[in-house]
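Asker: If it helps, the file is called data23.txt and holds compact mmCIF, C-alpha atoms and all ligand atoms:
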# COMPACT_ATOMS: atom_id res chain seq x y z
CA MET A 1 7.53 36.03 -1.06
CA SER A 2 7.81 34.34 -4.42
CA GLU A 3 5.66 31.32 -5.13
CA TYR A 4 7.15 27.81 -5.17
CA ARG A 5 6.39 26.89 -8.79
CA VAL A 6 6.97 23.33 -9.86
CA LEU A 7 6.58 21.22 -12.96
CA TYR A 8 4.46 18.54 -11.31
CA GLU A 9 1.69 20.85 -10.10
CA THR A 10 -0.46 20.28 -13.21
CA ASP A 11 -0.52 16.49 -12.77
CA PRO A 12 -4.09 15.35 -11.87
CA VAL A 13 -2.90 12.63 -9.45
CA TYR A 14 -0.75 15.18 -7.65
CA GLN A 15 -3.68 17.63 -7.54
CA MET A 16 -5.83 14.94 -5.91
CA ALA A 17 -3.19 14.39 -3.23
CA VAL A 18 -3.01 18.15 -2.61
CA LYS A 19 -6.80 18.35 -2.28
CA GLN A 20 -6.75 15.69 0.42
CA VAL A 21 -4.20 17.72 2.36
CA ARG A 22 -6.26 20.91 1.92
CA ASP A 23 -9.44 19.18 3.17
CA ALA A 24 -7.60 17.82 6.20
CA ALA A 25 -6.00 21.22 6.83
CA LEU A 26 -9.45 22.84 7.03
CA ILE A 27 -10.49 20.40 9.74
CA LEU A 28 -7.20 20.81 11.62
CA GLY A 29 -7.24 24.59 11.21
CA LEU A 30 -3.86 24.65 9.45
CA ALA A 31 -2.95 27.84 7.65
CA ASP A 32 -2.15 27.98 3.91
CA ASP A 33 1.57 28.51 4.50
CA VAL A 34 1.72 25.21 6.39
CA VAL A 35 -0.21 23.45 3.61
CA GLU A 36 2.37 24.77 1.15
CA VAL A 37 5.14 23.14 3.21
CA LEU A 38 3.24 19.84 3.31
CA VAL A 39 2.51 19.43 -0.41
CA HIS A 40 6.05 19.53 -1.79
CA PRO A 41 8.77 16.88 -1.46
CA GLU A 42 11.89 17.74 0.49
CA LYS A 43 14.00 16.30 -2.29
CA LEU A 44 13.16 15.10 -5.78
CA VAL A 45 15.78 13.21 -7.74
CA GLN A 46 15.45 12.62 -11.47
CA VAL A 47 17.75 10.10 -13.12
CA LYS A 48 18.53 8.92 -16.61
CA VAL A 49 18.69 5.14 -16.79
CA VAL A 50 20.43 3.85 -19.90
CA ILE A 51 20.30 0.12 -20.56
CA LYS A 52 21.58 -2.08 -23.34
CA ARG A 53 18.72 -4.01 -24.93
CA ASP A 54 19.19 -7.62 -25.95
CA ASP A 55 19.28 -6.54 -29.60
CA SER A 56 22.30 -4.34 -28.68
CA ARG A 57 20.49 -1.01 -29.08
CA VAL A 58 20.44 1.28 -26.04
CA ALA A 59 17.27 2.49 -24.33
CA THR A 60 17.20 5.79 -22.45
CA LEU A 61 14.68 5.71 -19.62
CA ILE A 62 13.66 8.26 -17.01
CA GLY A 63 13.28 7.55 -13.30
CA TRP A 64 12.58 9.45 -10.09
CA ARG A 65 12.83 9.16 -6.35
CA SER A 66 10.65 11.55 -4.44
CA GLN A 67 11.50 12.08 -0.77
CA HIS A 68 8.45 13.77 0.56
CA ASN A 69 8.83 14.28 4.29
CA SER A 70 11.28 13.07 6.95
CA ALA A 71 9.79 14.67 10.07
CA LEU A 72 9.04 11.24 11.58
CA GLY A 73 12.12 9.37 10.32
CA PRO A 74 13.93 8.20 7.17
CA TYR A 75 11.93 8.17 3.93
CA LYS A 76 10.23 4.84 3.21
CA GLY A 77 8.23 3.54 0.29
CA GLY A 78 8.30 1.40 -2.82
CA VAL A 79 9.63 1.73 -6.35
CA ARG A 80 7.33 1.02 -9.29
CA TYR A 81 8.07 0.23 -12.92
CA SER A 82 5.28 1.55 -15.07
CA GLU A 83 4.76 2.83 -18.55
CA ASN A 84 2.51 5.57 -17.18
CA ALA A 85 4.81 6.76 -14.38
CA THR A 86 5.07 10.54 -14.17
CA VAL A 87 6.90 12.87 -11.86
CA GLY A 88 3.58 14.16 -10.50
CA GLU A 89 2.32 10.68 -9.72
CA THR A 90 5.62 9.81 -8.03
CA VAL A 91 5.45 12.91 -5.84
CA ALA A 92 1.79 12.16 -4.97
CA LEU A 93 2.61 8.55 -4.08
CA SER A 94 5.48 9.70 -1.87
CA MET A 95 3.09 12.06 -0.08
CA TRP A 96 0.66 9.16 0.49
CA MET A 97 3.53 7.13 1.97
CA THR A 98 4.18 9.94 4.46
CA TRP A 99 0.56 9.76 5.61
CA LYS A 100 0.42 5.95 5.52
CA ASN A 101 3.58 5.57 7.62
CA SER A 102 2.44 8.24 10.04
CA LEU A 103 -1.00 6.64 10.42
CA ALA A 104 0.61 3.23 10.97
CA GLY A 105 2.62 4.73 13.83
CA LEU A 106 5.96 3.92 12.16
CA PRO A 107 9.15 5.95 12.68
CA TYR A 108 9.33 6.68 8.96
CA GLY A 109 8.78 9.54 6.58
CA GLY A 110 7.47 8.99 3.06
CA GLY A 111 9.18 8.32 -0.23
CA LYS A 112 8.44 6.71 -3.57
CA GLY A 113 10.35 5.92 -6.72
CA SER A 114 9.46 5.04 -10.26
CA VAL A 115 10.91 4.25 -13.64
CA ARG A 116 8.90 5.04 -16.74
CA VAL A 117 9.10 1.73 -18.58
CA ASN A 118 6.84 -1.08 -19.71
CA PRO A 119 8.29 -3.93 -17.61
CA LYS A 120 6.43 -6.56 -19.64
CA ILE A 121 8.66 -6.07 -22.67
CA LEU A 122 11.92 -6.50 -20.77
CA SER A 123 13.85 -9.77 -20.75
CA PRO A 124 15.09 -10.96 -17.31
CA ARG A 125 18.56 -9.69 -18.16
CA GLU A 126 17.23 -6.28 -19.20
CA LEU A 127 15.18 -6.09 -16.02
CA GLU A 128 18.27 -6.78 -13.94
CA GLU A 129 20.30 -4.17 -15.79
CA LEU A 130 17.55 -1.60 -15.41
CA SER A 131 17.24 -2.32 -11.68
CA ARG A 132 20.96 -2.09 -11.04
CA ARG A 133 21.40 1.11 -13.07
CA TYR A 134 18.41 2.83 -11.48
CA PHE A 135 19.63 2.01 -7.99
CA ALA A 136 23.22 3.01 -8.73
CA ALA A 137 21.87 6.33 -10.02
CA ILE A 138 19.99 7.05 -6.76
CA ALA A 139 22.57 5.38 -4.46
CA ARG A 140 23.81 8.66 -2.97
CA ASP A 141 20.30 9.60 -1.99
CA VAL A 142 19.22 6.36 -0.29
CA GLY A 143 20.62 4.35 2.61
CA PRO A 144 19.54 2.53 5.79
CA ASP A 145 19.32 5.84 7.68
CA ILE A 146 18.23 7.99 4.76
CA ASP A 147 15.66 6.37 2.48
CA ILE A 148 14.64 2.71 2.37
CA PRO A 149 12.94 1.53 -0.86
CA ALA A 150 10.77 -1.59 -1.18
CA PRO A 151 8.65 -3.28 -3.89
CA ASP A 152 5.62 -1.68 -5.49
CA VAL A 153 3.89 -2.23 -8.84
CA TYR A 154 6.01 -4.60 -10.99
CA THR A 155 8.95 -4.83 -8.59
CA ASN A 156 9.53 -7.80 -6.29
CA PRO A 157 12.03 -9.45 -3.88
CA GLN A 158 14.38 -10.34 -6.77
CA VAL A 159 14.53 -6.66 -7.77
CA MET A 160 15.23 -5.81 -4.11
CA ALA A 161 18.10 -8.33 -4.16
CA TRP A 162 19.67 -6.47 -7.11
CA TYR A 163 19.18 -3.10 -5.40
CA TYR A 164 20.74 -4.45 -2.22
CA ASP A 165 23.68 -5.90 -4.13
CA GLU A 166 24.30 -2.76 -6.15
CA TYR A 167 24.22 -0.54 -3.07
CA SER A 168 26.42 -2.92 -1.05
CA LYS A 169 29.03 -2.86 -3.81
CA ILE A 170 29.05 0.94 -3.79
CA VAL A 171 29.37 1.32 -0.01
CA GLY A 172 31.67 -1.68 0.39
CA TYR A 173 29.74 -3.73 2.97
CA PRO A 174 26.51 -5.80 3.01
CA ALA A 175 23.98 -3.05 3.73
CA TRP A 176 20.89 -5.11 4.65
CA GLY A 177 18.93 -2.13 5.85
CA VAL A 178 18.88 -0.26 2.52
CA VAL A 179 15.83 -2.06 1.12
CA THR A 180 13.04 -4.21 2.55
CA ALA A 181 11.05 -7.18 1.26
CA LYS A 182 14.31 -8.83 0.30
CA PRO A 183 14.39 -12.58 -0.32
CA MET A 184 14.70 -14.63 2.87
CA GLU A 185 18.23 -15.77 2.09
CA ILE A 186 19.58 -12.22 2.28
CA GLY A 187 17.86 -10.77 5.31
CA GLY A 188 14.20 -10.75 4.26
CA LEU A 189 11.21 -12.37 5.90
CA TYR A 190 8.88 -14.82 4.18
CA ALA A 191 6.14 -13.20 6.25
CA ARG A 192 6.56 -10.04 4.13
CA VAL A 193 4.83 -11.91 1.26
CA VAL A 194 1.64 -12.43 3.27
CA SER A 195 1.85 -9.23 5.29
CA THR A 196 -0.36 -6.87 3.24
CA GLY A 197 -3.21 -9.42 3.09
CA TYR A 198 -2.63 -10.29 6.74
CA GLY A 199 -2.92 -6.61 7.69
CA THR A 200 -6.14 -6.28 5.69
CA ALA A 201 -7.60 -9.36 7.42
CA LEU A 202 -6.55 -7.99 10.76
CA SER A 203 -8.23 -4.64 10.03
CA ALA A 204 -11.43 -6.53 9.16
CA ARG A 205 -11.17 -8.56 12.36
CA GLU A 206 -10.74 -5.47 14.54
CA ALA A 207 -13.50 -3.57 12.69
CA ALA A 208 -15.81 -6.59 13.17
CA LYS A 209 -15.06 -6.61 16.91
CA ARG A 210 -16.03 -2.96 17.12
CA VAL A 211 -19.19 -2.90 15.01
CA LEU A 212 -20.40 -6.45 14.34
CA GLY A 213 -19.88 -8.03 17.76
CA GLY A 214 -16.91 -10.12 16.54
CA LEU A 215 -15.67 -11.95 13.47
CA GLU A 216 -16.86 -15.49 14.26
CA GLY A 217 -19.32 -16.69 11.60
CA LYS A 218 -19.55 -13.33 9.81
CA SER A 219 -19.88 -13.61 6.05
CA VAL A 220 -17.10 -12.13 3.92
CA ALA A 221 -16.72 -11.49 0.17
CA VAL A 222 -13.25 -10.80 -1.21
CA HIS A 223 -12.99 -8.98 -4.54
CA GLY A 224 -9.68 -9.90 -6.19
CA PHE A 225 -7.61 -12.99 -5.51
CA GLY A 226 -4.08 -11.65 -5.93
CA ASN A 227 -1.46 -11.28 -3.22
CA VAL A 228 -3.69 -9.14 -0.98
CA GLY A 229 -7.01 -10.95 -1.53
CA ILE A 230 -5.58 -14.45 -1.15
CA TYR A 231 -4.02 -13.84 2.23
CA ALA A 232 -6.88 -11.68 3.50
CA ALA A 233 -9.27 -14.56 2.68
CA LYS A 234 -6.96 -17.19 4.13
CA TYR A 235 -6.48 -15.50 7.49
CA LEU A 236 -10.10 -14.41 7.87
CA ALA A 237 -11.21 -18.03 7.25
CA GLU A 238 -8.60 -19.25 9.77
CA TRP A 239 -9.93 -16.80 12.36
CA GLY A 240 -13.49 -18.11 12.07
CA ALA A 241 -15.12 -15.87 9.44
CA ASN A 242 -17.26 -17.44 6.74
CA VAL A 243 -15.63 -16.47 3.42
CA VAL A 244 -18.51 -16.97 0.98
CA ALA A 245 -17.23 -15.43 -2.25
CA VAL A 246 -13.96 -14.62 -4.03
CA SER A 247 -13.25 -13.35 -7.53
CA ASP A 248 -10.61 -12.67 -10.12
CA SER A 249 -10.81 -11.03 -13.53
CA LYS A 250 -12.46 -14.15 -15.03
CA GLY A 251 -15.41 -14.28 -12.65
CA TYR A 252 -16.42 -15.14 -9.10
CA ILE A 253 -17.51 -18.11 -7.01
CA TYR A 254 -20.17 -17.94 -4.30
CA ASN A 255 -21.44 -20.34 -1.70
CA PRO A 256 -23.47 -18.86 1.18
CA LYS A 257 -22.33 -21.82 3.31
CA GLY A 258 -18.68 -20.85 2.81
CA LEU A 259 -15.71 -21.75 0.59
CA ASP A 260 -12.71 -23.91 1.38
CA ILE A 261 -10.07 -21.20 0.91
CA GLU A 262 -7.06 -23.55 0.98
CA LYS A 263 -8.65 -25.47 -1.91
CA VAL A 264 -9.50 -22.29 -3.82
CA MET A 265 -5.84 -21.24 -3.44
CA GLN A 266 -4.71 -24.56 -4.96
CA VAL A 267 -7.17 -24.20 -7.86
CA LYS A 268 -6.04 -20.63 -8.51
CA GLU A 269 -2.40 -21.70 -8.40
CA SER A 270 -2.82 -24.66 -10.77
CA THR A 271 -5.41 -23.29 -13.25
CA GLY A 272 -5.01 -19.53 -12.95
CA ALA A 273 -8.71 -18.84 -12.22
CA VAL A 274 -10.92 -19.25 -9.14
CA ILE A 275 -13.94 -20.20 -11.30
CA ASN A 276 -12.40 -23.64 -11.84
CA TYR A 277 -13.13 -24.45 -8.19
CA LYS A 278 -15.86 -27.10 -8.17
CA SER A 279 -17.81 -28.06 -5.11
CA GLU A 280 -21.40 -28.70 -4.12
CA GLY A 281 -23.46 -25.57 -3.62
CA VAL A 282 -20.93 -23.30 -5.34
CA LYS A 283 -22.28 -20.92 -7.93
CA VAL A 284 -19.91 -19.76 -10.65
CA LEU A 285 -20.67 -16.35 -12.14
CA ALA A 286 -19.01 -14.39 -14.89
CA ASN A 287 -19.24 -10.75 -13.79
CA HIS A 288 -16.78 -10.26 -10.94
CA LEU A 289 -18.22 -6.81 -10.14
CA GLU A 290 -21.49 -8.42 -8.98
CA LEU A 291 -19.58 -9.91 -6.05
CA LEU A 292 -19.54 -6.43 -4.52
CA GLU A 293 -23.34 -6.50 -4.17
CA LEU A 294 -23.67 -9.83 -2.33
CA PRO A 295 -25.54 -9.91 1.01
CA VAL A 296 -22.46 -10.16 3.27
CA ASP A 297 -21.33 -8.61 6.55
CA ILE A 298 -17.85 -7.69 5.38
CA LEU A 299 -16.67 -6.73 1.90
CA ILE A 300 -12.97 -6.62 1.01
CA PRO A 301 -12.21 -4.91 -2.29
CA ALA A 302 -8.66 -6.15 -2.89
CA ALA A 303 -8.24 -5.84 -6.64
CA ILE A 304 -8.33 -2.55 -8.52
CA GLU A 305 -9.32 1.08 -8.01
CA ASN A 306 -12.75 2.67 -8.54
CA VAL A 307 -14.99 -0.42 -8.24
CA ILE A 308 -17.40 1.03 -5.66
CA THR A 309 -18.93 3.99 -7.45
CA LYS A 310 -22.14 6.00 -7.55
CA GLU A 311 -23.46 3.43 -10.07
CA ASN A 312 -23.43 0.45 -7.70
CA VAL A 313 -23.13 1.91 -4.20
CA GLU A 314 -26.87 1.79 -3.50
CA ARG A 315 -26.85 -1.97 -4.06
CA ILE A 316 -23.98 -2.64 -1.67
CA LYS A 317 -25.16 -4.52 1.41
CA ALA A 318 -22.04 -5.01 3.51
CA LYS A 319 -21.89 -3.23 6.88
CA VAL A 320 -18.12 -3.09 6.93
CA ILE A 321 -15.87 -2.47 3.91
CA VAL A 322 -12.14 -2.93 4.30
CA GLU A 323 -10.03 -1.57 1.44
CA GLY A 324 -7.21 -3.98 0.66
CA ALA A 325 -6.72 -2.39 -2.77
CA ASN A 326 -5.66 1.20 -3.36
CA GLY A 327 -8.56 3.56 -4.05
CA PRO A 328 -11.42 1.07 -4.66
CA THR A 329 -14.10 3.53 -3.47
CA THR A 330 -14.81 6.80 -5.29
CA PRO A 331 -15.33 9.94 -3.14
CA GLU A 332 -19.11 10.09 -3.93
CA ALA A 333 -19.58 6.45 -2.98
CA ASP A 334 -17.53 6.97 0.19
CA LYS A 335 -19.76 9.85 1.27
CA PHE A 336 -22.94 7.88 0.55
CA LEU A 337 -21.71 4.86 2.56
CA HIS A 338 -20.72 7.05 5.51
CA GLU A 339 -24.19 8.65 5.55
CA ARG A 340 -25.75 5.18 5.53
CA GLY A 341 -23.63 4.17 8.52
CA VAL A 342 -21.39 1.71 6.66
CA MET A 343 -17.87 1.59 8.07
CA VAL A 344 -15.30 1.97 5.28
CA VAL A 345 -11.80 1.25 6.56
CA PRO A 346 -9.62 3.27 4.15
CA ASP A 347 -6.74 1.84 2.12
CA ILE A 348 -4.04 3.84 3.89
CA LEU A 349 -4.98 2.11 7.13
CA ALA A 350 -6.06 -1.32 5.85
CA ASN A 351 -3.10 -1.99 3.55
CA ALA A 352 -0.34 -0.80 5.87
CA GLY A 353 0.60 -4.42 6.71
CA GLY A 354 3.28 -4.43 4.01
CA VAL A 355 5.17 -1.39 5.18
CA THR A 356 4.73 -2.36 8.83
CA MET A 357 6.35 -5.71 8.08
CA SER A 358 9.05 -3.77 6.21
CA TRP A 359 9.79 -1.93 9.44
CA ILE A 360 10.03 -5.25 11.32
CA GLU A 361 12.49 -6.56 8.70
CA TRP A 362 14.53 -3.33 8.66
CA SER A 363 14.78 -2.97 12.44
CA HIS A 364 16.01 -6.57 12.76
CA ASN A 365 18.46 -6.12 9.89
CA ARG A 366 19.86 -3.12 11.69
CA MET A 367 20.37 -5.09 14.90
CA GLY A 368 21.70 -8.15 13.08
CA CYS A 369 18.89 -10.31 14.55
CA TRP A 370 16.57 -12.87 13.00
CA LEU A 371 12.90 -13.59 13.48
CA THR A 372 10.86 -16.66 12.64
CA ASP A 373 7.74 -16.13 10.52
CA GLU A 374 5.54 -16.83 13.54
CA GLU A 375 7.36 -14.19 15.55
CA ALA A 376 7.20 -11.70 12.69
CA LEU A 377 3.45 -12.20 12.20
CA ALA A 378 2.78 -12.03 15.94
CA ARG A 379 4.69 -8.75 16.01
CA LEU A 380 2.73 -7.41 13.03
CA ASP A 381 -0.53 -8.47 14.64
CA LYS A 382 0.27 -6.69 17.89
CA MET A 383 1.50 -3.48 16.26
CA MET A 384 -1.39 -3.19 13.84
CA THR A 385 -4.08 -4.15 16.35
CA ILE A 386 -2.95 -1.52 18.83
CA ASN A 387 -2.61 1.12 16.13
CA PHE A 388 -5.90 0.29 14.40
CA ASN A 389 -7.86 0.68 17.64
CA LYS A 390 -6.02 3.89 18.48
CA VAL A 391 -6.96 5.39 15.11
CA LEU A 392 -10.56 4.21 15.49
CA ASP A 393 -10.81 5.73 18.99
CA GLU A 394 -9.47 9.05 17.76
CA TRP A 395 -11.90 9.02 14.80
CA GLN A 396 -14.87 8.28 17.03
CA LYS A 397 -13.85 10.76 19.71
CA LYS A 398 -12.84 13.72 17.57
CA TYR A 399 -13.87 13.33 13.94
CA SER A 400 -16.91 11.05 13.85
CA GLU A 401 -18.91 13.40 11.62
CA TYR A 402 -16.47 12.63 8.78
CA PRO A 403 -15.88 9.38 6.88
CA MET A 404 -13.09 7.32 8.40
CA ARG A 405 -10.91 8.11 5.37
CA VAL A 406 -11.02 11.84 6.06
CA ALA A 407 -10.28 11.20 9.74
CA ALA A 408 -7.34 8.96 8.78
CA TYR A 409 -5.75 11.76 6.74
CA VAL A 410 -6.41 14.27 9.50
CA ILE A 411 -4.80 12.04 12.14
CA ALA A 412 -1.82 11.20 9.90
CA ILE A 413 -1.19 14.83 8.91
CA ASP A 414 -1.62 16.04 12.48
CA ARG A 415 1.13 13.63 13.65
CA VAL A 416 3.52 14.88 10.94
CA VAL A 417 2.75 18.54 11.67
CA LYS A 418 3.37 17.99 15.39
CA ALA A 419 6.76 16.39 14.62
CA MET A 420 7.64 19.29 12.30
CA LYS A 421 6.74 21.80 15.03
CA LEU A 422 8.80 19.94 17.64
CA ARG A 423 11.77 19.94 15.31
CA GLY A 424 11.38 23.67 14.72
CA TRP A 425 10.60 23.38 11.01
CA ILE A 426 7.38 25.36 11.11
N1 LIG B 501 4.84 -0.34 -1.75
C1 LIG B 501 4.27 -0.72 -0.49
C2 LIG B 501 3.32 0.35 -0.01
O1 LIG B 501 2.90 1.18 -0.77
C3 LIG B 501 5.33 -1.09 0.52
C4 LIG B 501 6.21 0.01 0.97
C5 LIG B 501 7.32 -0.44 1.89
O2 LIG B 501 7.30 -1.59 2.38
O3 LIG B 501 8.22 0.37 2.10
O4 LIG B 501 2.90 0.36 1.12
Can the structure in the file be given as structure tokens, please?
Answerer:
Amino acid sequence: MSEYRVLYETDPVYQMAVKQVRDAALILGLADDVVEVLVHPEKLVQVKVVIKRDDSRVATLIGWRSQHNSALGPYKGGVRYSENATVGETVALSMWMTWKNSLAGLPYGGGKGSVRVNPKILSPRELEELSRRYFAAIARDVGPDIDIPAPDVYTNPQVMAWYYDEYSKIVGYPAWGVVTAKPMEIGGLYARVVSTGYGTALSAREAAKRVLGGLEGKSVAVHGFGNVGIYAAKYLAEWGANVVAVSDSKGYIYNPKGLDIEKVMQVKESTGAVINYKSEGVKVLANHLELLELPVDILIPAAIENVITKENVERIKAKVIVEGANGPTTPEADKFLHERGVMVVPDILANAGGVTMSWIEWSHNRMGCWLTDEEALARLDKMMTINFNKVLDEWQKKYSEYPMRVAAYVIAIDRVVKAMKLRGWI
């Protein structure tokens, strides 16, 4: 048989994603021919996106939509606008969505899109034109039953509104189900805004129940106070944890007695930095990375990748680490923490709140029903709690010698492979 040679195979991000599949395949006993099926997208669309700049010149941009696997259902995953987007990265991200959706127990396959552009230099009008042209270019390949995009890096509910509008014009009816995380006025849920942080908080709560005897009074440090960190901190504080430290790029604040998270949120909103929060007993420190080494029960890295590394891992004191961010722990650090008995809840499990809420939005859009925010969050809580404990049970029963991250990939891939076998694909 001839080999399936592709342009993206030299991309380092893609190679990392392939390695994860190979490692999981060894544990599952999957043969190389099955691995080969798993590491390529079913369909990869490349589009040219031409926009008129405000100075009347035209810009020719490149975009992709990678539809990795649909064994479990329609493709699902975000679209990012990034100067560094590559086809290999897009394929890798779509593969991660397949595993994330599978692990979350959702009836979705995995997809991801990107446009190679620096979104910061675009005017609002240019951003709208880019969004509409990109979506028109992939319109034949997406749809409520085919592939359902959502926000990712540098895309947001307004961009989803343009996608939705462009697609609805093409098909001739209001197609709510074609994208998720839409604004509330056109079929979205406000709860989608808080859902990733909520899911991270919920993962910490369930992990604490399993290994710390409950969440009540446990100390928590949250690294990063963006959309994920803010809501993770807010809900953990509401559920009785003692959130003692939070950070952003300008520094961190720490009070072993606990912080008033609602007030920190107001300070962040009005001044742009958590270090402007003033209260008795609060220490303000400049180096946000030091927050990771505080003596706390639970650590939530919710900012950027590669912050827990072989340089600082020996100084980390938390017993439970819940990854709100993507890839905050390097593989060496992960291994070290596992050997020391620290539970590291991996990103693909701990930040699945966003896509799970997307499913709630999409399924209600499809039925023409509405949900209140309370109902949507209660639904998210129930789905994620059941799933989280199921994944943990399977890890502890079958794969406990491996870090939880490895087990998560194994469980996710196993579910996809079983669906492919049932459907007669392999
Ligand atoms: N971009 C988000 C993720 O990576 C959301 C995907 C979605 O809601 O479809 O999980």
Asker: Could you give me the centre and size, in Å to one decimal, of an axis-aligned box around all listed atoms of ligand LIG 501 (chain B) with 4 Å added on every side, as JSON?
Answerer:
{"center_x": 5.6, "center_y": -0.2, "center_z": 0.3, "size_x": 13.3, "size_y": 10.8, "size_z": 12.1}
Asker: What is the CA of Gly354 in chain A to atom C4 of ligand LIG 501 (chain B) distance in Å?
Answerer: 6.1 Å
Asker: Write out as JSON lines the residues of chain A that have any atom within 6 Å of an atom of ligand LIG 501 (chain B), one row each with the nearest atom pair and its distance in Å to one decimal, counting all atoms listed in the file, sorted by chain and then rising number.
Answerer:
{"residue": "A:Lys76", "atom": "CA", "partner": "B:LIG501", "partner_atom": "O3", "distance": 5.0}
{"residue": "A:Gly77", "atom": "CA", "partner": "B:LIG501", "partner_atom": "O3", "distance": 3.7}
{"residue": "A:Gly78", "atom": "CA", "partner": "B:LIG501", "partner_atom": "N1", "distance": 4.0}
{"residue": "A:Pro149", "atom": "CA", "partner": "B:LIG501", "partner_atom": "O3", "distance": 5.7}
{"residue": "A:Ala150", "atom": "CA", "partner": "B:LIG501", "partner_atom": "O3", "distance": 4.6}
{"residue": "A:Pro151", "atom": "CA", "partner": "B:LIG501", "partner_atom": "N1", "distance": 5.3}
{"residue": "A:Asp152", "atom": "CA", "partner": "B:LIG501", "partner_atom": "N1", "distance": 4.0}
{"residue": "A:Ala352", "atom": "CA", "partner": "B:LIG501", "partner_atom": "O4", "distance": 5.9}
{"residue": "A:Gly354", "atom": "CA", "partner": "B:LIG501", "partner_atom": "O2", "distance": 5.2}
{"residue": "A:Val355", "atom": "CA", "partner": "B:LIG501", "partner_atom": "O2", "distance": 3.5}
{"residue": "A:Ser358", "atom": "CA", "partner": "B:LIG501", "partner_atom": "O2", "distance": 4.7}
Asker: If you measure from CA of Ala24 in chain A to CA of Ala412 in chain A, what distance in Å do you get, rounded to one decimal?
Answerer: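 So the answer is 9.5 Å.
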Asker: Interatomic distance between CA of Tyr8 in chain A and CA of Ala350 in chain A?
Answerer: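 A separation of 28.3 Å between them.
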Asker: Of the candidates A:Ala378, A:Leu215, A:Val117, A:Ile413, which shows the shortest atom-to-atom distance to Met97 in chain A, using only C-alpha atoms?
Answerer: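 Closest to Met97 in chain A of all the choices is A:Ile413.
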